[in-house]
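S.K.: Have a look at this one before I ask anything.
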2 protein chains.
Amino acid sequence: MRLTAYTDYTLRTLMYLAVNVERGVTIGAIAHTYRISETHLTKIVHQLGVAGDIRTIRGRNGGILLGKPADDINLGSVVRRTEPDMDMVACFADPDRCAIGGACVLQSALHQALAAFLAVLDRYTLADLVAPRQRLAALLGIDPAGLAGPDTAGQMP
Amino acid sequence: MRLTAYTDYTLRTLMYLAVNVERGVTIGAIAHTYRISETHLTKIVHQLGVAGDIRTIRGRNGGILLGKPADDINLGSVVRRTEPDMDMVACFADPDRCAIGGACVLQSALHQALAAFLAVLDRYTLADLVAPRQRLAALLGIDPAGLAGPDTAGQMP
């Protein structure tokens, strides 16, 4: 059971931008830091822009920035949006596909389990994810002079 | 986010056997009922035998049967055993893979969410999954004369 690389890279991009709040950053810099494909990341950044989670500043010193405060970006909402398929098993999308579709307790159990999974993610915002701000800045190679706030590690939901 | 077809077919095979308790059934009959590959199912049945969840009766009237009572087979345990990969993201298996591996709240959030998912499944046994026994027998084309108990639909955890 796995989230897609698309969701993984989306969340890591948002975390980068939530630490690097003072100036625009290029897609190339994020791709380089995480050692992931710039082509893949370009698509992700486009969709994050469409969703309003990030904005782009044009020009020589431009780049991408968060489009809203980090505590307005909910983890569960992002995962629901980026996962193409929350159907735990094939019959979620097509109940007629399985002989026992009409009397299946398994389907109900898996629906409950998925709801419990998402309910945990719903308790987190992007701000929670970057609470260890100083340590994240150091790991990401971001100049700490531009950091917006103190390291608040430990203040998790 | 999906469980593998391997897990899905494993669970459906166990449900078939938990309804069809009085006599052995062939892999071919289960594959035909669910319209799934007999080759795929043969591997699954082998692993269910290794785990002790089913047993095989040899001979002309032989076939496979549950190897233990349905309420001794836990849904969470089966899923933990059959899912090859419970790493929600790549860094679960290799924390050094990601630049922020040392300060990642996301990893912790996903671990909590996965635990919540599995905790729901841990509340179910195979007996719960086949509580609507009469309806399942009808849908699976199993002769109700051999059914062990009444339909107990609605008595879920």
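Here, A, B, ... name the chains of the structure tokens in the order displayed, residue numbers run from 1 inside each chain, and ligands are numbered from 1 in the same displayed order.
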Go through chain A residue by residue and, counting only C-alpha atoms, keep those with an atom at most 7 Å from chain B; for each kept residue give the shortest atom pair and its distance in Å to one decimal, ordered by chain and increasing number, as JSON lines.
M.R.:
```
{"residue": "A:Met1", "atom": "CA", "partner": "B:Met86", "partner_atom": "CA", "distance": 5.0}
{"residue": "A:Arg2", "atom": "CA", "partner": "B:Met88", "partner_atom": "CA", "distance": 4.1}
{"residue": "A:Leu3", "atom": "CA", "partner": "B:Met88", "partner_atom": "CA", "distance": 5.4}
{"residue": "A:Asp8", "atom": "CA", "partner": "B:Val89", "partner_atom": "CA", "distance": 6.5}
{"residue": "A:Thr33", "atom": "CA", "partner": "B:Ala99", "partner_atom": "CA", "distance": 6.7}
{"residue": "A:Tyr34", "atom": "CA", "partner": "B:Ala99", "partner_atom": "CA", "distance": 5.7}
{"residue": "A:Glu83", "atom": "CA", "partner": "B:Met1", "partner_atom": "CA", "distance": 6.8}
{"residue": "A:Asp85", "atom": "CA", "partner": "B:Met1", "partner_atom": "CA", "distance": 5.8}
{"residue": "A:Met86", "atom": "CA", "partner": "B:Met1", "partner_atom": "CA", "distance": 5.0}
{"residue": "A:Asp87", "atom": "CA", "partner": "B:Arg2", "partner_atom": "CA", "distance": 6.0}
{"residue": "A:Met88", "atom": "CA", "partner": "B:Arg2", "partner_atom": "CA", "distance": 4.1}
{"residue": "A:Val89", "atom": "CA", "partner": "B:Leu3", "partner_atom": "CA", "distance": 6.0}
{"residue": "A:Cys98", "atom": "CA", "partner": "B:Tyr34", "partner_atom": "CA", "distance": 6.1}
{"residue": "A:Ala99", "atom": "CA", "partner": "B:Tyr34", "partner_atom": "CA", "distance": 5.7}
{"residue": "A:Ile100", "atom": "CA", "partner": "B:Leu139", "partner_atom": "CA", "distance": 5.7}
{"residue": "A:Ala103", "atom": "CA", "partner": "B:Leu136", "partner_atom": "CA", "distance": 6.2}
{"residue": "A:Val105", "atom": "CA", "partner": "B:Leu129", "partner_atom": "CA", "distance": 4.9}
{"residue": "A:Leu106", "atom": "CA", "partner": "B:Leu129", "partner_atom": "CA", "distance": 5.6}
{"residue": "A:Ala109", "atom": "CA", "partner": "B:Leu121", "partner_atom": "CA", "distance": 6.6}
{"residue": "A:Gln112", "atom": "CA", "partner": "B:Val120", "partner_atom": "CA", "distance": 6.9}
{"residue": "A:Ala113", "atom": "CA", "partner": "B:Phe117", "partner_atom": "CA", "distance": 4.4}
{"residue": "A:Leu114", "atom": "CA", "partner": "B:Phe117", "partner_atom": "CA", "distance": 6.0}
{"residue": "A:Ala116", "atom": "CA", "partner": "B:Ala116", "partner_atom": "CA", "distance": 5.6}
{"residue": "A:Phe117", "atom": "CA", "partner": "B:Ala113", "partner_atom": "CA", "distance": 4.4}
{"residue": "A:Leu118", "atom": "CA", "partner": "B:Ala113", "partner_atom": "CA", "distance": 6.9}
{"residue": "A:Val120", "atom": "CA", "partner": "B:Ala113", "partner_atom": "CA", "distance": 5.2}
{"residue": "A:Leu121", "atom": "CA", "partner": "B:Ala113", "partner_atom": "CA", "distance": 6.5}
{"residue": "A:Leu129", "atom": "CA", "partner": "B:Val105", "partner_atom": "CA", "distance": 4.9}
{"residue": "A:Pro132", "atom": "CA", "partner": "B:Ala103", "partner_atom": "CA", "distance": 6.5}
{"residue": "A:Arg135", "atom": "CA", "partner": "B:Ala103", "partner_atom": "CA", "distance": 6.5}
{"residue": "A:Leu136", "atom": "CA", "partner": "B:Ala103", "partner_atom": "CA", "distance": 6.2}
{"residue": "A:Leu139", "atom": "CA", "partner": "B:Ile100", "partner_atom": "CA", "distance": 5.7}
{"residue": "A:Leu140", "atom": "CA", "partner": "B:Ala99", "partner_atom": "CA", "distance": 6.5}
```
S.K.: Mind writing the picked residues with C-alpha atoms as an mmCIF file, in the first residue's frame?
M.R.:
```cif
data_model
loop_
_atom_site.group_PDB
_atom_site.id
_atom_site.type_symbol
_atom_site.label_atom_id
_atom_site.label_comp_id
_atom_site.auth_asym_id
_atom_site.auth_seq_id
_atom_site.Cartn_x
_atom_site.Cartn_y
_atom_site.Cartn_z
ATOM 1 C CA MET A 1 0.000 0.000 0.000
ATOM 2 C CA ARG A 2 1.578 3.196 -1.181
ATOM 3 C CA LEU A 3 0.863 6.779 -2.092
ATOM 4 C CA ASP A 8 4.946 12.313 -2.360
ATOM 5 C CA THR A 33 17.565 19.255 -3.566
ATOM 6 C CA TYR A 34 15.260 16.232 -3.508
ATOM 7 C CA GLU A 83 -4.180 10.509 -5.280
ATOM 8 C CA ASP A 85 -7.364 6.392 -7.000
ATOM 9 C CA MET A 86 -8.679 6.000 -3.469
ATOM 10 C CA ASP A 87 -10.367 2.710 -4.419
ATOM 11 C CA MET A 88 -8.757 0.264 -2.010
ATOM 12 C CA VAL A 89 -10.002 -2.642 -4.123
ATOM 13 C CA CYS A 98 -17.524 -8.941 -7.903
ATOM 14 C CA ALA A 99 -19.924 -11.846 -7.332
ATOM 15 C CA ILE A 100 -20.545 -10.817 -3.706
ATOM 16 C CA ALA A 103 -23.463 -8.463 0.568
ATOM 17 C CA VAL A 105 -18.763 -6.603 4.685
ATOM 18 C CA LEU A 106 -15.133 -6.436 3.489
ATOM 19 C CA ALA A 109 -14.435 -2.549 6.560
ATOM 20 C CA GLN A 112 -13.935 2.527 7.395
ATOM 21 C CA ALA A 113 -10.179 1.890 7.388
ATOM 22 C CA LEU A 114 -9.616 4.411 4.580
ATOM 23 C CA ALA A 116 -9.568 6.431 9.557
ATOM 24 C CA PHE A 117 -6.423 6.908 7.451
ATOM 25 C CA LEU A 118 -7.660 10.194 6.000
ATOM 26 C CA VAL A 120 -5.412 11.320 10.709
ATOM 27 C CA LEU A 121 -4.127 13.325 7.744
ATOM 28 C CA LEU A 129 4.768 19.462 8.648
ATOM 29 C CA PRO A 132 11.119 21.767 12.735
ATOM 30 C CA ARG A 135 16.441 21.858 10.915
ATOM 31 C CA LEU A 136 14.505 21.591 7.667
ATOM 32 C CA LEU A 139 18.736 20.047 5.403
ATOM 33 C CA LEU A 140 17.245 21.807 2.372
#
```
S.K.: What would chain B look like once superposed on chain A, with the fit done by least squares over all C-alpha atoms paired in order? Give it as a CSV table (one decimal) with C-alpha atoms, in the first residue's frame.
M.R.:
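Saved to superposed.csv:
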```csv
chain,number,residue,atom,x,y,z
B,1,MET,CA,0.0,0.0,0.0
B,2,ARG,CA,1.6,3.2,-1.2
B,3,LEU,CA,0.8,6.8,-2.1
B,4,THR,CA,1.9,7.7,-5.6
B,5,ALA,CA,5.2,9.5,-6.3
B,6,TYR,CA,3.0,12.4,-7.5
B,7,THR,CA,1.5,12.8,-4.0
B,8,ASP,CA,4.9,12.3,-2.4
B,9,TYR,CA,6.6,15.0,-4.5
B,10,THR,CA,3.7,17.4,-4.1
B,11,LEU,CA,3.9,17.2,-0.4
B,12,ARG,CA,7.7,17.6,-0.4
B,13,THR,CA,7.4,20.6,-2.7
B,14,LEU,CA,4.9,22.3,-0.4
B,15,MET,CA,7.2,21.6,2.6
B,16,TYR,CA,10.1,23.2,0.7
B,17,LEU,CA,8.0,26.3,0.0
B,18,ALA,CA,6.7,26.5,3.5
B,19,VAL,CA,10.3,26.7,4.8
B,20,ASN,CA,11.5,29.0,2.0
B,21,VAL,CA,8.9,31.7,2.5
B,22,GLU,CA,10.9,34.9,1.8
B,23,ARG,CA,11.8,34.5,-1.8
B,24,GLY,CA,10.8,32.7,-5.0
B,25,VAL,CA,12.5,29.4,-5.8
B,26,THR,CA,13.0,27.6,-9.1
B,27,ILE,CA,11.6,24.2,-9.9
B,28,GLY,CA,15.2,23.2,-10.8
B,29,ALA,CA,16.4,24.1,-7.2
B,30,ILE,CA,13.7,21.9,-5.6
B,31,ALA,CA,14.3,19.0,-8.0
B,32,HIS,CA,18.0,19.2,-7.3
B,33,THR,CA,17.6,19.3,-3.6
B,34,TYR,CA,15.2,16.2,-3.5
B,35,ARG,CA,17.0,14.5,-6.4
B,36,ILE,CA,13.8,14.1,-8.3
B,37,SER,CA,12.9,14.6,-12.0
B,38,GLU,CA,12.5,18.3,-13.0
B,39,THR,CA,10.0,17.3,-15.7
B,40,HIS,CA,7.9,15.4,-13.2
B,41,LEU,CA,8.1,18.4,-10.8
B,42,THR,CA,7.0,20.9,-13.5
B,43,LYS,CA,3.7,19.1,-13.9
B,44,ILE,CA,3.2,19.0,-10.1
B,45,VAL,CA,4.0,22.7,-9.7
B,46,HIS,CA,1.5,23.5,-12.5
B,47,GLN,CA,-1.3,21.6,-10.7
B,48,LEU,CA,-0.3,23.2,-7.3
B,49,GLY,CA,-0.7,26.6,-9.1
B,50,VAL,CA,-4.1,25.6,-10.5
B,51,ALA,CA,-5.2,24.6,-6.9
B,52,GLY,CA,-4.0,27.9,-5.6
B,53,ASP,CA,-1.5,26.4,-3.1
B,54,ILE,CA,1.4,28.1,-4.9
B,55,ARG,CA,1.9,31.2,-7.0
B,56,THR,CA,4.6,32.1,-9.5
B,57,ILE,CA,6.5,35.4,-9.5
B,58,ARG,CA,7.9,36.2,-13.0
B,59,GLY,CA,11.2,37.9,-13.8
B,60,ARG,CA,14.9,37.5,-13.2
B,61,ASN,CA,14.5,37.1,-9.4
B,62,GLY,CA,11.2,35.3,-9.7
B,63,GLY,CA,10.2,31.7,-8.9
B,64,ILE,CA,7.5,29.9,-7.0
B,65,LEU,CA,6.1,30.7,-3.5
B,66,LEU,CA,3.3,29.4,-1.4
B,67,GLY,CA,0.0,30.9,-2.5
B,68,LYS,CA,-1.6,30.9,0.9
B,69,PRO,CA,-0.5,30.5,4.6
B,70,ALA,CA,0.9,27.1,5.4
B,71,ASP,CA,-1.8,26.6,8.1
B,72,ASP,CA,-4.5,27.0,5.5
B,73,ILE,CA,-3.2,24.0,3.5
B,74,ASN,CA,-4.6,20.7,4.9
B,75,LEU,CA,-2.7,17.5,4.4
B,76,GLY,CA,-5.8,15.3,4.0
B,77,SER,CA,-7.2,17.7,1.4
B,78,VAL,CA,-4.0,17.6,-0.6
B,79,VAL,CA,-3.8,13.8,-0.5
B,80,ARG,CA,-7.5,13.5,-1.6
B,81,ARG,CA,-6.8,15.8,-4.5
B,82,THR,CA,-3.5,14.2,-5.7
B,83,GLU,CA,-4.2,10.5,-5.3
B,84,PRO,CA,-5.8,9.4,-8.6
B,85,ASP,CA,-7.4,6.4,-7.0
B,86,MET,CA,-8.7,6.0,-3.5
B,87,ASP,CA,-10.4,2.7,-4.4
B,88,MET,CA,-8.8,0.3,-2.0
B,89,VAL,CA,-10.0,-2.7,-4.1
B,90,ALA,CA,-11.4,-2.8,-7.7
B,91,CYS,CA,-15.0,-3.1,-6.5
B,92,PHE,CA,-15.1,0.4,-4.9
B,93,ALA,CA,-15.4,1.8,-8.4
B,94,ASP,CA,-17.5,-1.1,-9.8
B,95,PRO,CA,-19.6,-3.0,-7.3
B,96,ASP,CA,-21.0,-5.3,-10.1
B,97,ARG,CA,-17.5,-6.5,-10.8
B,98,CYS,CA,-17.5,-9.0,-7.9
B,99,ALA,CA,-19.9,-11.9,-7.3
B,100,ILE,CA,-20.5,-10.9,-3.7
B,101,GLY,CA,-20.8,-7.1,-4.3
B,102,GLY,CA,-24.3,-7.1,-2.9
B,103,ALA,CA,-23.4,-8.5,0.6
B,104,CYS,CA,-19.8,-7.6,1.2
B,105,VAL,CA,-18.7,-6.6,4.7
B,106,LEU,CA,-15.1,-6.4,3.5
B,107,GLN,CA,-15.9,-3.4,1.4
B,108,SER,CA,-17.5,-1.7,4.4
B,109,ALA,CA,-14.4,-2.6,6.6
B,110,LEU,CA,-12.0,-1.1,4.0
B,111,HIS,CA,-14.1,2.1,3.6
B,112,GLN,CA,-13.9,2.5,7.4
B,113,ALA,CA,-10.2,1.9,7.4
B,114,LEU,CA,-9.6,4.4,4.6
B,115,ALA,CA,-11.7,7.0,6.4
B,116,ALA,CA,-9.6,6.5,9.5
B,117,PHE,CA,-6.4,6.9,7.4
B,118,LEU,CA,-7.7,10.2,6.0
B,119,ALA,CA,-9.0,11.4,9.4
B,120,VAL,CA,-5.4,11.3,10.7
B,121,LEU,CA,-4.1,13.4,7.7
B,122,ASP,CA,-7.0,15.9,8.2
B,123,ARG,CA,-5.5,16.8,11.6
B,124,TYR,CA,-2.3,18.1,10.0
B,125,THR,CA,-1.7,21.3,8.1
B,126,LEU,CA,1.4,22.2,6.1
B,127,ALA,CA,2.5,24.4,9.0
B,128,ASP,CA,2.6,21.3,11.2
B,129,LEU,CA,4.8,19.5,8.7
B,130,VAL,CA,7.4,22.2,8.7
B,131,ALA,CA,7.4,22.8,12.5
B,132,PRO,CA,11.1,21.8,12.7
B,133,ARG,CA,11.8,24.8,10.6
B,134,GLN,CA,15.5,25.5,11.4
B,135,ARG,CA,16.4,21.9,10.9
B,136,LEU,CA,14.5,21.6,7.7
B,137,ALA,CA,16.1,24.8,6.4
B,138,ALA,CA,19.6,23.4,7.1
B,139,LEU,CA,18.7,20.0,5.4
B,140,LEU,CA,17.2,21.8,2.4
B,141,GLY,CA,20.2,24.2,2.1
B,142,ILE,CA,17.9,27.3,2.6
B,143,ASP,CA,19.5,30.4,4.0
B,144,PRO,CA,18.1,30.6,7.6
B,145,ALA,CA,18.3,34.5,7.5
B,146,GLY,CA,15.1,34.5,5.5
B,147,LEU,CA,13.1,32.2,7.8
B,148,ALA,CA,9.8,33.5,9.0
B,149,GLY,CA,9.6,32.0,12.4
B,150,PRO,CA,11.2,29.9,15.1
B,151,ASP,CA,11.7,26.2,15.0
B,152,THR,CA,8.5,24.8,16.6
B,153,ALA,CA,9.4,21.1,16.5
B,154,GLY,CA,7.3,19.0,18.9
B,155,GLN,CA,4.1,21.1,18.5
B,156,MET,CA,2.3,18.5,16.5
B,157,PRO,CA,-1.4,17.8,16.5
```
S.K.: DSSP on the backbone: what in chain B comes out strand (DSSP E), as number ranges by chain?
M.R.: B: 54-57, 63-66
S.K.: Using the chain letters and numbers from this document, which residues of chain A does DSSP assign to alpha helix (DSSP H), as a ChimeraX atom specification?
M.R.: /A:5-19,27-34,38-51,75-82,105-122,126-129,133-140
